[in-house]
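Peer 1: Supplied in structure tokens, the structure appears directly below.
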2 protein chains.
Amino acid sequence: MNKNVDSYSYASIIEQHCSNCNLSSLCIAGILENAEMPRLDTIMSHSKALPKGEILSSQGDSFQFVFVVKTGSIKTYTTDVSGQEQITGFYFPGDLIGLNGISSGICPDFVETLETSTICQSSFEQLDKFSAEHPKLRRKILKVMSKDICNEQHMLLVLAKKDAGQRLATFLLSLSCRFKTRGFSESRFRLPMSRREIGSYLGLTVETVSRAMTRLHKNNIIVIDQKEVVITDFAALVTLRDGSK
Amino acid sequence: MNKNVDSYSYASIIEQHCSNCNLSSLCIAGILENAEMPRLDTIMSHSKALPKGEILSSQGDSFQFVFVVKTGSIKTYTTDVSGQEQITGFYFPGDLIGLNGISSGICPDFVETLETSTICQSSFEQLDKFSAEHPKLRRKILKVMSKDICNEQHMLLVLAKKDAGQRLATFLLSLSCRFKTRGFSESRFRLPMSRREIGSYLGLTVETVSRAMTRLHKNNIIVIDQKEVVITDFAALVTLRDGSK
DNA sequence: AAAATATATTGATGTAGATCAATTATAACT
DNA sequence: AGTTATAATTGATCTACATCAATATATTTT
């Protein structure tokens with residue numbers, strides 16, 4: 001039972017188009033020519049604001065849709081036979097989510113809003129058909145998946161080899177970079193996820209995340225007030241991240 | 001400087017074709033019709049036996065080729081600015097490697113033989129062109145990448161949440177399954193990688209891998225003699241892997 | 001075959017982070 | 001505003017694994 005966007009009573013499709021979306025430079029739509037936009041608009045639907053905690057698709061659902069974050073943020077997480085829950089990624093405006101369902105035809109994870117968010121949705125089959133005729137779109141999809149693989153391989157290294165401080169530094173600098181790419185401040189931002197969620201993503205407990213956070217604060221590398229982060233010493237944060245332990 | 005296969009003096013292209021390869025059921029070639037094989041043969045080159053330790057491509061190389069393992073086995077690993085080395089995967093006959101280079105155009109990791117191996121190689125650009133005209137090949141490539149993402153997301157959970165015994169159980173059962181798929185025994189096989197390499201992959205030290213191994217042996221779950229493994233109690237190994245810790 | 005080198009095992013000890021527990025801060029609800 | 005529930009911090013203790021060190025076993029070299 002896929003809970004696709006337009007099945008929500010509060011999430012009907014409203015008058016929005018990829019062609020007039022200011023996000024297109026970040027989104028897969030960015031590689032299309034203006035003339036090709038109308039066709040994209042026929043396969044993309046756009047949600048209105050979804051509240052925090054909304055599950056866009058669940059582990060075990062049959063795979064049908066891919067999503068692009070328009071505003072807000074998303075987490076993906078998998079669970080285990082033993083009930084262990086692992087956050088596998090955080091996603092921000094422009095990010096394309098859900099391609100990992102292709103291999104088995106089953107959604108391998110949960111996709112959930114971290115805060116009030118709007119998202120765009122497409123049937124994967126239709127996107128794939130479109131891409132068959134558009135080499136640039138085809139390549140873009142491959143690039144997105146390839147990038148996902150690289151990101152996860154990097155996270156494997158982080159989880160396997162880095163201590164708590166380095167993991168948190170890696171995390172904060174990655175967020176900083178992603179916010180910067182989206183035109184926001186790279187040094188001052190709000191964490192849309194809880195300490196527990198950061199811990200799940202980084203393979204740490206809440207307590208360890210909290211302690212690592214206050215340590216960064218005490219060392220005057222960041223200022224942290226609840227979810228608000230200010231990076232005050234980028235160089236030190238990078239040194240910590242890249243230190244040979 | 002890409003060290004592609006046919007640049008090796010000892011690895012000249014020999015008379016081999018995808019069309020007469022007994023591996024095709026496991027390989028991407030498996031989804032093509034007989035009539036399409038000749039075209040695949042024009043873009044695939046086949047190495048002769050490469051010795052252990054041969055590096056097929058290096059982190060930082062410009063991305064050009066993808067590889068399929070024909071015989072033997074392969075490891076991929078990345079390194080860090082701080083010199084940390086992380087094995088990101090082990091690959092066996094039929095496995096397609098290298099698609100993670102698409103996003104940046106740079107090979108993000110090293111690809112190296114674990115033992116004497118033969119491999120098949122294709123220019124990615126040519127494979128991509130071919131796939132443009134063959135929906136099934138296009139879909140197959142997407143499936144391979146999607147599977148890679150799922151595998152890595154699963155490894156993230158293993159590294160973030162599982163203890164040494166569970167990690168080793170996960171590893172051994174995964175190998176068992178992959179060998180079975182390839183027509184080999186699922187209960188008796190040879191580990192082509194060292195304890196150190198297993199440790200790198202699982203985020204553990206050699207010592208911990210060794211201890212976890214002897215513990216499995218003492219509990220009569222496996223018999224291990226150097227690199228030879230016999231799984232004597234699958235149920236116990238599964239229970240260990242899936243245990244809620 | 002002997003020497004040298006690399007790999008694996010086993011033991012002793014130290015430590016980062018988990019766990020348990022208590023307190024404080026924040027958000028949600030009535 | 002006051003009550004309840006949730007999230008975050010901080011402290012005390014415990015433990016699994018890393019680290020250091022010593023053999024032991026393979027593998028390679030001469």
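In the structure tokens, each chain is lettered A, B, ... as it comes, each chain's residues begin at 1, and ligands are numbered from 1 in order of appearance.
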Quick one: residues within 10 Å of range 100-106 of chain A, only C-alpha atoms (C1' of nucleotides) counted, chain neighbours fewer than 2 positions away excluded, as a PyMOL selection string?

Peer 2: (chain A and resi 58-66+97-98+108-109+124-125+145+148) or (chain B and resi 139-151+153)

Peer 1: What are the closest atom pairs, with distances in Å to one decimal, for all residues of chain C lying within 10 Å of chain A? Consider only C-alpha atoms (C1' of nucleotides), order rows by chain and residue number, and present the result as JSON lines.

Peer 2:
```
{"residue": "C:DA16", "atom": "C1'", "partner": "A:Asp163", "partner_atom": "CA", "distance": 8.1}
{"residue": "C:DG17", "atom": "C1'", "partner": "A:Thr208", "partner_atom": "CA", "distance": 7.0}
{"residue": "C:DA18", "atom": "C1'", "partner": "A:Thr205", "partner_atom": "CA", "distance": 7.5}
{"residue": "C:DT19", "atom": "C1'", "partner": "A:Thr205", "partner_atom": "CA", "distance": 9.8}
{"residue": "C:DA25", "atom": "C1'", "partner": "A:Gln226", "partner_atom": "CA", "distance": 9.5}
{"residue": "C:DT26", "atom": "C1'", "partner": "A:Gln226", "partner_atom": "CA", "distance": 9.3}
```

Peer 1: Counting only C-alpha atoms (C1' of nucleotides), what is within 12 Å of DA12 in chain C, bar same-chain residues fewer than 6 positions away, as a count of residues only?

Peer 2: 4

Peer 1: Please return as a ChimeraX atom specification: the residues of range 19-204 of chain B that backbone DSSP assigns to strand (DSSP E or B).

Peer 2: /B:44-46,50,55-57,62,65-71,74-79,85-91,96-97,106,110-113,117-123,188-190

Peer 1: Within 10 Å of DA6 in chain C, counting only C-alpha atoms (C1' of nucleotides), which residues show up once you throw out same-chain ones fewer than 4 positions away? Write them as a list in words, please.

Peer 2: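 Returned residues: DA26, DT27 and DT28 of chain D.
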
Peer 1: Write the residues you've just listed into a file as a PDB file, in the first residue's frame, and include C-alpha atoms (C1' of nucleotides) for each of them.

Peer 2:
```
ATOM      1  C1'  DA D  26      52.124 -19.695   6.050  1.00  0.00           C
ATOM      2  C1'  DT D  27      54.222 -17.954   2.109  1.00  0.00           C
ATOM      3  C1'  DT D  28      57.935 -16.122  -0.510  1.00  0.00           C
TER       4       DT D  28
END
```

Peer 1: Counting only C-alpha atoms (C1' of nucleotides), a student should be able to say which residues of chain D come within 8 Å of chain A; what is the right answer, written as number ranges by chain?

Peer 2: D: 7-9

Peer 1: May I have the selected residues written with C-alpha atoms (C1' of nucleotides), as an mmCIF file, in the first residue's frame?

Peer 2:
```cif
data_model
loop_
_atom_site.group_PDB
_atom_site.id
_atom_site.type_symbol
_atom_site.label_atom_id
_atom_site.label_comp_id
_atom_site.auth_asym_id
_atom_site.auth_seq_id
_atom_site.Cartn_x
_atom_site.Cartn_y
_atom_site.Cartn_z
ATOM 1 C "C1'" DA D 7 14.239 15.790 23.719
ATOM 2 C "C1'" DA D 8 18.788 17.092 25.326
ATOM 3 C "C1'" DT D 9 22.367 17.353 28.532
#
```

Peer 1: So that I can check the surroundings of Glu33 in chain B, please list as a PDB file with C-alpha atoms, in the first residue's frame every protein, DNA and RNA residue that reaches within 10 Å of it, counting only C-alpha atoms (C1' of nucleotides) and ignoring chain neighbours fewer than 3 positions away.

Peer 2:
```pdb
ATOM      1  CA  SER B  19      28.212 -15.032 -26.744  1.00  0.00           C
ATOM      2  CA  ALA B  29      25.057 -10.050 -20.895  1.00  0.00           C
ATOM      3  CA  GLY B  30      22.387 -12.358 -19.509  1.00  0.00           C
ATOM      4  CA  GLU B  36      22.291  -8.741 -29.706  1.00  0.00           C
ATOM      5  CA  MET B  37      25.398 -10.535 -28.499  1.00  0.00           C
ATOM      6  CA  LYS B 136      16.407  -4.124 -21.048  1.00  0.00           C
TER       7      LYS B 136
END
```

Peer 1: Can you tell me, as a ChimeraX atom specification, what residues are no more than 12 Å from Ile231 in chain A when counting only C-alpha atoms (C1' of nucleotides), ignoring any on the same chain fewer than 5 positions away?

Peer 2: /A:169,172-173,175-177,185-190,213,216-217,219-225,236-238

Peer 1: May I have the residues within 10 Å of range 197-201 of chain A as a PyMOL selection string, using only C-alpha atoms (C1' of nucleotides) and disregarding those fewer than 2 positions away in the same chain?

Peer 2: (chain A and resi 75-77+84-90+114+155+159+164+167-168+171+191-195+203-210) or (chain B and resi 156-157+160-161)

Peer 1: Write the residues of the preceding selection, restricted to C-alpha atoms, as an mmCIF file, in the first residue's frame.

Peer 2:
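Final output, selection_15.cif:
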```
data_model
loop_
_atom_site.group_PDB
_atom_site.id
_atom_site.type_symbol
_atom_site.label_atom_id
_atom_site.label_comp_id
_atom_site.auth_asym_id
_atom_site.auth_seq_id
_atom_site.Cartn_x
_atom_site.Cartn_y
_atom_site.Cartn_z
ATOM 1 C CA LYS A 75 15.136 11.245 6.135
ATOM 2 C CA THR A 76 15.356 7.692 4.850
ATOM 3 C CA TYR A 77 15.763 4.735 7.175
ATOM 4 C CA GLN A 84 17.255 -2.122 14.520
ATOM 5 C CA GLU A 85 16.614 1.183 12.780
ATOM 6 C CA GLN A 86 19.259 2.864 10.670
ATOM 7 C CA ILE A 87 18.978 6.290 9.112
ATOM 8 C CA THR A 88 20.616 6.001 5.705
ATOM 9 C CA GLY A 89 20.351 9.565 4.534
ATOM 10 C CA PHE A 90 19.096 13.116 4.935
ATOM 11 C CA LEU A 114 11.784 15.742 9.012
ATOM 12 C CA MET A 155 29.880 6.857 4.993
ATOM 13 C CA LEU A 159 31.479 4.467 10.309
ATOM 14 C CA ALA A 164 32.684 10.250 17.442
ATOM 15 C CA ARG A 167 31.947 11.642 12.596
ATOM 16 C CA LEU A 168 30.200 14.710 13.904
ATOM 17 C CA PHE A 171 28.370 15.461 9.378
ATOM 18 C CA LEU A 191 19.505 21.126 12.161
ATOM 19 C CA PRO A 192 16.150 19.738 11.065
ATOM 20 C CA MET A 193 16.833 16.387 12.737
ATOM 21 C CA SER A 194 17.037 15.358 16.381
ATOM 22 C CA ARG A 195 20.186 14.304 18.229
ATOM 23 C CA GLY A 203 26.296 5.008 14.437
ATOM 24 C CA LEU A 204 26.381 6.699 17.840
ATOM 25 C CA THR A 205 24.047 7.042 20.809
ATOM 26 C CA VAL A 206 22.258 10.303 21.615
ATOM 27 C CA GLU A 207 24.482 10.793 24.623
ATOM 28 C CA THR A 208 27.659 10.511 22.587
ATOM 29 C CA VAL A 209 26.334 12.954 19.982
ATOM 30 C CA SER A 210 25.431 15.405 22.711
ATOM 31 C CA LEU B 156 25.751 1.030 6.968
ATOM 32 C CA LEU B 157 23.310 -0.656 9.333
ATOM 33 C CA ALA B 160 26.448 1.269 12.844
ATOM 34 C CA LYS B 161 24.527 -1.267 14.896
#
```

Peer 1: Among range 2-198 of chain B, which residues does DSSP mark as alpha helix (DSSP H) when it is run on the backbone? Keep the chain and numbering as in the structure and answer as a PyMOL selection string.

Peer 2: chain B and resi 37-43+124-133+135-161+164-181+195-198

Peer 1: What does the structure give for the distance between CA of Gly53 in chain B and CA of Glu112 in chain B, in Å to one decimal?

Peer 2: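 It comes out at 5.9 Å.
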